[in-house]
Amino acid sequence: MSTLTLNNVTYKYKSAQRAAVSGISCIFDKGKVYAIVGPSGSGKSTLLSLLAGLDLPTKGEVAFDGKSLAGLDLDQYRRESISMIFQAFHLFPLMTVMENVCFPMELCGVTPKDAKPRASALLEGVGITKEQMGRFPSKLSGGERQRVAIARSLASNAQIILGDEPTGNLDGANTQNIIDILCGLAHENGYCVIIVTHDMEVAEAADVALRMRDGVLRAI
Ligand SMILES: Nc1ncnc2c1ncn2[C@@H]1O[C@H](COP(=O)(O)OP(=O)(O)OP(=O)(O)O)[C@@H](O)[C@H]1O
Ligand SMILES: [Mg+2]
């Protein structure tokens with residue numbers, strides 16, 4: 001069963017002359033990693049925001065498991081089905097690293113006692129040490145913050161992971177580490193992973209590579 005289906009999706013910002021996303025029809029399946037590359041301004045982040053239900057298309061339809069997002073409770077869809085890893089990290093500055101990762105789990109009803117070991121395992125998986133887990137995000141490097149953001153996005157059980165340049169601040173070894181984590185989640189746990197990237201290493205590791213140009217998405 002496919003996860004996300006786009007049917008002739010177009011999105012035009014109110015102030016804009018032309019559509020940022022233009023007539024896209026495609027299917028994103030569970031169990032696969034998709035990479036989207038393309039020049040700045042080609043509509044990649046806009047497309048992700050439509051997939052995340054942050055905006056609805058001006059024309060056409062995005063459907064999740066066969067149901068149009070237009071008819072769903074979008075807050076619930078975002079909370080339960082979508083994990084986002086942003087270009088900017090959006091970590092909570094007044095919470096420690098550990099608290100940042102526990103928080104989304106606790107929002108979903110996991111007790112603090114159960115959340116902590118899971119958060120610790122997720123953070124260790126992206127190379128964050130026990131000592132760093134007790135720090136505030138401002139006391140980490142950019143790459144470390146990015147890895148915390150990734151661990152936090154994995155804390156919920158959402159089936160769809162959307163990443164906007166999730167490896168943008170990482171060196172080669174850490175990029176490979178994140179690629180391995182994301183591929184493992186798709187191939188072994190059935191997640192649908194869709195990432196926007198400028199990194200050819202990431203695009204090559206994906207199951208499907210797509211190119212966005214002037215709001216139109218094509219296979220590479
Ligand atoms: N809030 C907005 N209002 C009006 N136009 C916007 C808005 N956000 C983005 N755009 C325009 O929509 C187009 C697509 O933007 P988008 O952010 O999706 O590009 P992108 O491919 O993610 O670029 P980048 O690689 O630089 O992040 C651009 O022409 C941009 O100027
Ligand atoms: Mg963008």
# chains A, B, ... in the order shown; residues from 1 in each chain; ligands from 1
call {"tool": "closest_atom_pairs", "arguments": {"of": "chain A", "to": "ligand 1", "cutoff": "7 Å", "atoms": "only C-alpha atoms and all ligand atoms", "output": "JSON lines"}}
result
{"residue": "A:Tyr13", "atom": "CA", "partner": "ligand 1", "partner_atom_place_in_ligand_line": "4 (C)", "distance": 4.8}
{"residue": "A:Lys14", "atom": "CA", "partner": "ligand 1", "partner_atom_place_in_ligand_line": "4 (C)", "distance": 6.7}
{"residue": "A:Ser15", "atom": "CA", "partner": "ligand 1", "partner_atom_place_in_ligand_line": "4 (C)", "distance": 5.5}
{"residue": "A:Ala16", "atom": "CA", "partner": "ligand 1", "partner_atom_place_in_ligand_line": "4 (C)", "distance": 5.3}
{"residue": "A:Ala20", "atom": "CA", "partner": "ligand 1", "partner_atom_place_in_ligand_line": "13 (C)", "distance": 4.5}
{"residue": "A:Gly38", "atom": "CA", "partner": "ligand 1", "partner_atom_place_in_ligand_line": "21 (O)", "distance": 6.5}
{"residue": "A:Pro39", "atom": "CA", "partner": "ligand 1", "partner_atom_place_in_ligand_line": "25 (O)", "distance": 5.8}
{"residue": "A:Ser40", "atom": "CA", "partner": "ligand 1", "partner_atom_place_in_ligand_line": "25 (O)", "distance": 3.5}
{"residue": "A:Gly41", "atom": "CA", "partner": "ligand 1", "partner_atom_place_in_ligand_line": "19 (O)", "distance": 3.4}
{"residue": "A:Ser42", "atom": "CA", "partner": "ligand 1", "partner_atom_place_in_ligand_line": "21 (O)", "distance": 3.9}
{"residue": "A:Gly43", "atom": "CA", "partner": "ligand 1", "partner_atom_place_in_ligand_line": "18 (O)", "distance": 3.2}
{"residue": "A:Lys44", "atom": "CA", "partner": "ligand 1", "partner_atom_place_in_ligand_line": "21 (O)", "distance": 3.8}
{"residue": "A:Ser45", "atom": "CA", "partner": "ligand 1", "partner_atom_place_in_ligand_line": "22 (O)", "distance": 3.7}
{"residue": "A:Thr46", "atom": "CA", "partner": "ligand 1", "partner_atom_place_in_ligand_line": "18 (O)", "distance": 3.7}
{"residue": "A:Leu47", "atom": "CA", "partner": "ligand 1", "partner_atom_place_in_ligand_line": "18 (O)", "distance": 6.4}
call {"tool": "closest_atom_pairs", "arguments": {"of": "stretch 49-124 of chain A", "to": "stretch 131-143 of chain A", "cutoff": "12 Å", "atoms": "only C-alpha atoms", "output": "CSV"}}
result
residue,atom,partner,partner_atom,distance
A:Gln87,CA,A:Gly142,CA,11.2
A:Ala88,CA,A:Gly142,CA,9.8
A:Phe89,CA,A:Gly142,CA,8.9
A:His90,CA,A:Pro137,CA,10.0
A:Leu91,CA,A:Pro137,CA,7.0
A:Phe92,CA,A:Pro137,CA,7.7
A:Pro93,CA,A:Pro137,CA,6.0
A:Leu94,CA,A:Phe136,CA,6.9
A:Met95,CA,A:Phe136,CA,6.2
A:Thr96,CA,A:Phe136,CA,4.4
A:Val97,CA,A:Met133,CA,4.8
A:Met98,CA,A:Met133,CA,5.0
A:Glu99,CA,A:Met133,CA,8.4
A:Asn100,CA,A:Pro137,CA,8.9
A:Val101,CA,A:Met133,CA,9.5
A:Cys102,CA,A:Met133,CA,11.1
A:Lys116,CA,A:Met133,CA,10.7
A:Pro117,CA,A:Met133,CA,11.9
A:Ala119,CA,A:Met133,CA,9.4
A:Ser120,CA,A:Met133,CA,7.9
A:Ala121,CA,A:Met133,CA,11.0
A:Leu122,CA,A:Met133,CA,11.0
A:Leu123,CA,A:Met133,CA,7.7
A:Glu124,CA,A:Met133,CA,9.3
call {"tool": "select_by_dssp", "arguments": {"residues": "stretch 19-203 of chain A", "states": "helix (DSSP H, G or I)", "output": "number ranges by chain"}}
result
A: 44-51, 69-71, 74-81, 97-107, 112-125, 130-133, 137-139, 142-155, 172-189, 200-203
call {"tool": "select_by_dssp", "arguments": {"residues": "stretch 30-125 of chain A", "states": "strand (DSSP E or B)", "output": "PyMOL selection string"}}
result
chain A and resi 33-37+59-64+67-68+82-85
call {"tool": "write_last_selection", "arguments": {"atoms": "N, CA and C atoms", "output": "short mmCIF file (atom, residue, chain, number, x, y, z; two decimals), in the first residue's frame"}}
result
data_model
loop_
_atom_site.label_atom_id
_atom_site.label_comp_id
_atom_site.auth_asym_id
_atom_site.auth_seq_id
_atom_site.Cartn_x
_atom_site.Cartn_y
_atom_site.Cartn_z
N VAL A 33 13.56 4.93 0.52
CA VAL A 33 14.14 6.25 0.74
C VAL A 33 14.12 7.02 -0.59
N TYR A 34 13.54 8.21 -0.57
CA TYR A 34 13.48 9.08 -1.74
C TYR A 34 14.36 10.29 -1.50
N ALA A 35 15.17 10.64 -2.50
CA ALA A 35 15.96 11.87 -2.40
C ALA A 35 15.47 12.83 -3.47
N ILE A 36 15.30 14.09 -3.07
CA ILE A 36 14.88 15.12 -4.02
C ILE A 36 16.00 16.16 -4.11
N VAL A 37 16.56 16.33 -5.30
CA VAL A 37 17.59 17.35 -5.51
C VAL A 37 17.00 18.42 -6.44
N LYS A 59 -4.28 23.52 -6.01
CA LYS A 59 -5.02 22.63 -6.91
C LYS A 59 -4.52 21.21 -6.70
N GLY A 60 -5.35 20.22 -7.01
CA GLY A 60 -4.92 18.83 -6.88
C GLY A 60 -5.04 18.34 -5.46
N GLU A 61 -4.45 17.16 -5.20
CA GLU A 61 -4.69 16.49 -3.91
C GLU A 61 -3.47 15.70 -3.44
N VAL A 62 -3.21 15.77 -2.14
CA VAL A 62 -2.24 14.88 -1.49
C VAL A 62 -3.05 13.90 -0.65
N ALA A 63 -2.80 12.60 -0.83
CA ALA A 63 -3.55 11.60 -0.06
C ALA A 63 -2.60 10.74 0.75
N PHE A 64 -2.99 10.43 1.98
CA PHE A 64 -2.22 9.56 2.87
C PHE A 64 -3.00 8.27 3.05
N LYS A 67 -6.42 8.51 1.72
CA LYS A 67 -7.37 9.55 2.19
C LYS A 67 -6.80 10.93 1.93
N SER A 68 -7.59 11.79 1.33
CA SER A 68 -7.13 13.14 1.03
C SER A 68 -6.81 13.90 2.31
N ILE A 82 3.79 12.12 10.80
CA ILE A 82 4.91 12.84 10.16
C ILE A 82 6.01 13.16 11.16
N SER A 83 7.23 12.86 10.76
CA SER A 83 8.42 13.34 11.48
C SER A 83 9.15 14.28 10.57
N MET A 84 9.47 15.47 11.04
CA MET A 84 10.19 16.39 10.16
C MET A 84 11.58 16.69 10.70
N ILE A 85 12.56 16.66 9.81
CA ILE A 85 13.91 17.10 10.16
C ILE A 85 14.17 18.34 9.31
#
call {"tool": "closest_residue", "arguments": {"among": "A:Asp171, A:Asp114, A:Asp207, A:Asp73", "to": "A:Gly184", "atoms": "only C-alpha atoms"}}
result
A:Asp207
call {"tool": "closest_residue", "arguments": {"among": "A:Gln159, A:Thr167, A:Ser22, A:Asn174", "to": "A:Ala186", "atoms": "only C-alpha atoms"}}
result
A:Gln159
call {"tool": "closest_residue", "arguments": {"among": "A:Ala205, A:Leu50, A:Leu154, A:Leu210", "to": "A:Leu185", "atoms": "only C-alpha atoms"}}
result
A:Leu154
call {"tool": "closest_residue", "arguments": {"among": "A:Ile24, A:Met200, A:Leu72, A:Leu48", "to": "ligand 2", "atoms": "only C-alpha atoms and all ligand atoms"}}
result
A:Leu48
call {"tool": "closest_residue", "arguments": {"among": "A:Leu74, A:Ile128, A:Asn189, A:Gly109", "to": "A:Ser49", "atoms": "only C-alpha atoms"}}
result
A:Leu74
call {"tool": "closest_residue", "arguments": {"among": "A:Pro112, A:Ala173, A:Pro166, A:Glu106", "to": "ligand 2", "atoms": "only C-alpha atoms and all ligand atoms"}}
result
A:Pro166
call {"tool": "atom_distance", "arguments": {"atom1": "atom CA of A:Val148", "atom2": "atom CA of A:Gly127"}}
result
9.2 Å
call {"tool": "atom_distance", "arguments": {"atom1": "atom CA of A:Ile194", "atom2": "atom CA of A:Asp180"}}
result
14.2 Å
call {"tool": "atom_distance", "arguments": {"atom1": "atom CA of A:Glu204", "atom2": "atom CA of A:Gly163"}}
result
15.9 Å
call {"tool": "residues_around", "arguments": {"residues": "A:Gly125", "least_positions_apart": "6", "cutoff": "9 Å", "atoms": "only C-alpha atoms", "output": "ChimeraX atom specification"}}
result
/A:151,177,181
